[in-house]
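Next up, entry_38.pdb (PDB, C-alpha atoms, pLDDT in the B column):
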ATOM      1  CA  MET A   1       0.000   0.000   0.000  1.00 78.00           C
ATOM      2  CA  SER A   2       2.829   2.357   0.831  1.00 79.00           C
ATOM      3  CA  GLY A   3       4.549   1.755  -2.497  1.00 86.00           C
ATOM      4  CA  GLY A   4       1.384   2.354  -4.482  1.00 87.00           C
ATOM      5  CA  LEU A   5       0.670   5.549  -2.552  1.00 88.00           C
ATOM      6  CA  PHE A   6       4.238   6.724  -3.183  1.00 90.00           C
ATOM      7  CA  VAL A   7       4.011   6.084  -6.935  1.00 90.00           C
ATOM      8  CA  ALA A   8       0.604   7.774  -7.103  1.00 90.00           C
ATOM      9  CA  GLY A   9       2.028  10.742  -5.185  1.00 90.00           C
ATOM     10  CA  ILE A  10       4.931  11.069  -7.616  1.00 91.00           C
ATOM     11  CA  LEU A  11       2.576  10.945 -10.610  1.00 92.00           C
ATOM     12  CA  VAL A  12       0.179  13.521  -9.137  1.00 91.00           C
ATOM     13  CA  PHE A  13       3.137  15.753  -8.217  1.00 91.00           C
ATOM     14  CA  ALA A  14       4.486  15.511 -11.780  1.00 91.00           C
ATOM     15  CA  VAL A  15       1.094  16.376 -13.276  1.00 90.00           C
ATOM     16  CA  GLY A  16       0.868  19.386 -10.968  1.00 88.00           C
ATOM     17  CA  MET A  17       4.360  20.635 -11.782  1.00 88.00           C
ATOM     18  CA  PHE A  18       3.852  20.311 -15.542  1.00 86.00           C
ATOM     19  CA  SER A  19       0.479  22.040 -15.250  1.00 85.00           C
ATOM     20  CA  HIS A  20       2.083  24.848 -13.269  1.00 83.00           C
ATOM     21  CA  MET A  21       4.882  25.237 -15.803  1.00 82.00           C
ATOM     22  CA  GLY A  22       2.304  25.378 -18.593  1.00 80.00           C
ATOM     23  CA  ALA A  23       0.258  27.987 -16.721  1.00 80.00           C
ATOM     24  CA  THR A  24       3.284  30.199 -16.076  1.00 79.00           C
ATOM     25  CA  GLY A  25       4.273  30.155 -19.732  1.00 75.00           C
ATOM     26  CA  LEU A  26       7.534  28.237 -19.350  1.00 75.00           C
ATOM     27  CA  PHE A  27       6.667  25.939 -22.249  1.00 73.00           C
ATOM     28  CA  ASP A  28       5.790  28.866 -24.536  1.00 72.00           C
ATOM     29  CA  GLY A  29       9.455  29.444 -25.351  1.00 73.00           C
ATOM     30  CA  PHE A  30      10.093  25.764 -26.040  1.00 74.00           C
ATOM     31  CA  MET A  31       6.977  25.355 -28.151  1.00 76.00           C
ATOM     32  CA  TYR A  32       7.359  28.534 -30.220  1.00 76.00           C
ATOM     33  CA  GLY A  33       9.166  26.804 -33.105  1.00 79.00           C
ATOM     34  CA  PHE A  34       6.735  23.897 -33.194  1.00 81.00           C
ATOM     35  CA  LYS A  35       3.751  26.235 -33.186  1.00 80.00           C
ATOM     36  CA  ARG A  36       5.237  28.353 -35.973  1.00 80.00           C
ATOM     37  CA  ASN A  37       5.796  25.287 -38.184  1.00 84.00           C
ATOM     38  CA  ARG A  38       2.324  23.928 -37.448  1.00 81.00           C
ATOM     39  CA  ARG A  39       0.768  27.325 -38.225  1.00 81.00           C
ATOM     40  CA  ALA A  40       2.631  27.489 -41.557  1.00 82.00           C
ATOM     41  CA  LYS A  41       1.479  24.005 -42.576  1.00 85.00           C
ATOM     42  CA  LEU A  42      -2.115  24.734 -41.605  1.00 82.00           C
ATOM     43  CA  LYS A  43      -2.004  28.004 -43.558  1.00 81.00           C
ATOM     44  CA  GLU A  44      -0.959  26.004 -46.651  1.00 83.00           C
ATOM     45  CA  ILE A  45      -3.985  23.745 -46.233  1.00 84.00           C
ATOM     46  CA  ASP A  46      -6.495  26.426 -45.251  1.00 81.00           C
ATOM     47  CA  PRO A  47      -5.598  30.063 -46.021  1.00 78.00           C
ATOM     48  CA  ASP A  48      -8.338  31.273 -43.645  1.00 78.00           C
ATOM     49  CA  TYR A  49      -6.805  29.474 -40.650  1.00 73.00           C
ATOM     50  CA  GLU A  50      -6.597  31.578 -37.470  1.00 74.00           C
ATOM     51  CA  GLU A  51      -4.814  30.689 -34.231  1.00 72.00           C
ATOM     52  CA  ASP A  52      -6.734  30.296 -30.998  1.00 69.00           C
ATOM     53  CA  GLU A  53      -6.511  33.222 -28.622  1.00 72.00           C
ATOM     54  CA  GLU A  54      -3.937  33.105 -25.846  1.00 72.00           C
ATOM     55  CA  ALA A  55      -5.080  32.650 -22.260  1.00 70.00           C
ATOM     56  CA  THR A  56      -5.915  35.820 -20.372  1.00 78.00           C
ATOM     57  CA  PRO A  57      -4.042  36.664 -17.150  1.00 77.00           C
ATOM     58  CA  GLU A  58      -7.131  35.718 -15.137  1.00 83.00           C
ATOM     59  CA  GLU A  59      -7.270  32.299 -16.807  1.00 82.00           C
ATOM     60  CA  ARG A  60      -3.549  31.756 -16.189  1.00 79.00           C
ATOM     61  CA  SER A  61      -4.006  32.693 -12.528  1.00 82.00           C
ATOM     62  CA  ALA A  62      -6.806  30.141 -12.175  1.00 84.00           C
ATOM     63  CA  GLN A  63      -4.659  27.505 -13.883  1.00 82.00           C
ATOM     64  CA  LYS A  64      -1.761  28.230 -11.509  1.00 82.00           C
ATOM     65  CA  SER A  65      -3.905  27.849  -8.393  1.00 84.00           C
ATOM     66  CA  SER A  66      -5.384  24.614  -9.741  1.00 83.00           C
ATOM     67  CA  ALA A  67      -1.900  23.283 -10.515  1.00 85.00           C
ATOM     68  CA  TRP A  68      -0.676  24.026  -6.981  1.00 87.00           C
ATOM     69  CA  ARG A  69      -3.494  21.892  -5.579  1.00 87.00           C
ATOM     70  CA  TRP A  70      -2.165  18.939  -7.582  1.00 86.00           C
ATOM     71  CA  VAL A  71       1.344  19.578  -6.263  1.00 88.00           C
ATOM     72  CA  TYR A  72       0.130  19.714  -2.651  1.00 89.00           C
ATOM     73  CA  VAL A  73      -1.863  16.481  -3.016  1.00 90.00           C
ATOM     74  CA  GLY A  74       1.174  14.758  -4.547  1.00 90.00           C
ATOM     75  CA  VAL A  75       3.502  15.878  -1.760  1.00 91.00           C
ATOM     76  CA  GLY A  76       0.901  14.902   0.840  1.00 90.00           C
ATOM     77  CA  SER A  77       0.611  11.433  -0.698  1.00 90.00           C
ATOM     78  CA  ILE A  78       4.376  10.966  -0.647  1.00 89.00           C
ATOM     79  CA  ILE A  79       4.603  12.045   2.989  1.00 90.00           C
ATOM     80  CA  LEU A  80       1.684   9.774   3.919  1.00 90.00           C
ATOM     81  CA  SER A  81       3.383   6.840   2.205  1.00 90.00           C
ATOM     82  CA  TYR A  82       6.530   7.439   4.314  1.00 87.00           C
ATOM     83  CA  ILE A  83       4.431   7.616   7.485  1.00 89.00           C
ATOM     84  CA  ILE A  84       2.706   4.331   6.598  1.00 87.00           C
ATOM     85  CA  THR A  85       6.095   2.735   5.952  1.00 84.00           C
ATOM     86  CA  LEU A  86       7.389   3.761   9.382  1.00 84.00           C
ATOM     87  CA  VAL A  87       4.308   2.439  11.181  1.00 80.00           C
TER      88      VAL A  87
END
Whole structure, structure tokens version:
Amino acid sequence: MSGGLFVAGILVFAVGMFSHMGATGLFDGFMYGFKRNRRAKLKEIDPDYEEDEEATPEERSAQKSSAWRWVYVGVGSIILSYIITLV
């Protein structure tokens, strides 16, 4: 039970951290080249193609707070798994 809780905690923590990085815009720099190439290919197929709008600051703030909840649950699960192991 402790091992499964630990693995679940690590997975939930990872989901939370990646969600937080996405909400803060860290991946925007990495993905810029991929998005530019995708946009060019889609423009070749459909000249009327328009990109989706970027997230507003309010939406990003909501995403950040949601991501932190995932991180806290993951850390809590890891700590609980250590407590179960010691008992």
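For the structure in this document, the set picked by the PyMOL selection byres ((chain A and resi 68) around 12) is Val12, Phe13, Ala14, Val15, Gly16, Met17, Phe18, Ser19, His20, Met21, Ala23, Thr24, Ser61, Ala62, Gln63, Lys64, Ser65, Ser66, Ala67, Arg69, Trp70, Val71, Tyr72, Val73, Gly74 and Val75 of chain A.
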Might you pull out every residue within 9 Å of Met1 (chain A), with only C-alpha atoms counted and same-chain residues fewer than 4 positions away left off, and present them as a PDB file with C-alpha atoms, keeping the file's coordinate frame?
ATOM      1  CA  LEU A   5       0.670   5.549  -2.552  1.00 88.00           C
ATOM      2  CA  PHE A   6       4.238   6.724  -3.183  1.00 90.00           C
ATOM      3  CA  SER A  81       3.383   6.840   2.205  1.00 90.00           C
ATOM      4  CA  ILE A  84       2.706   4.331   6.598  1.00 87.00           C
ATOM      5  CA  THR A  85       6.095   2.735   5.952  1.00 84.00           C
TER       6      THR A  85
END
query: If you count all atoms listed in the file, which residues fall within 9 Å of region 29-39 of chain A, apart from same-chain ones fewer than 3 positions away, as a list in words?
result: Gly25, Leu26, Leu42, Lys43, Glu44, Tyr49, Glu50 and Glu51 of chain A
- prompt: Given the choices A:Gly22, A:Lys41, A:Ile78, A:Val87, which gets closest to Val7 (chain A) if the distance is worked out from only C-alpha atoms?
  reply: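 Among the listed residues, A:Ile78 lies closest to Val7 (chain A).
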Axis-aligned box for all listed atoms of region 71-84 of chain A, 5 Å per side, centre and edges in Å to one decimal, as lines of an AutoDock Vina configuration file:
center_x = 2.3
center_y = 12.0
center_z = 0.6
size_x = 18.4
size_y = 25.4
size_z = 23.7
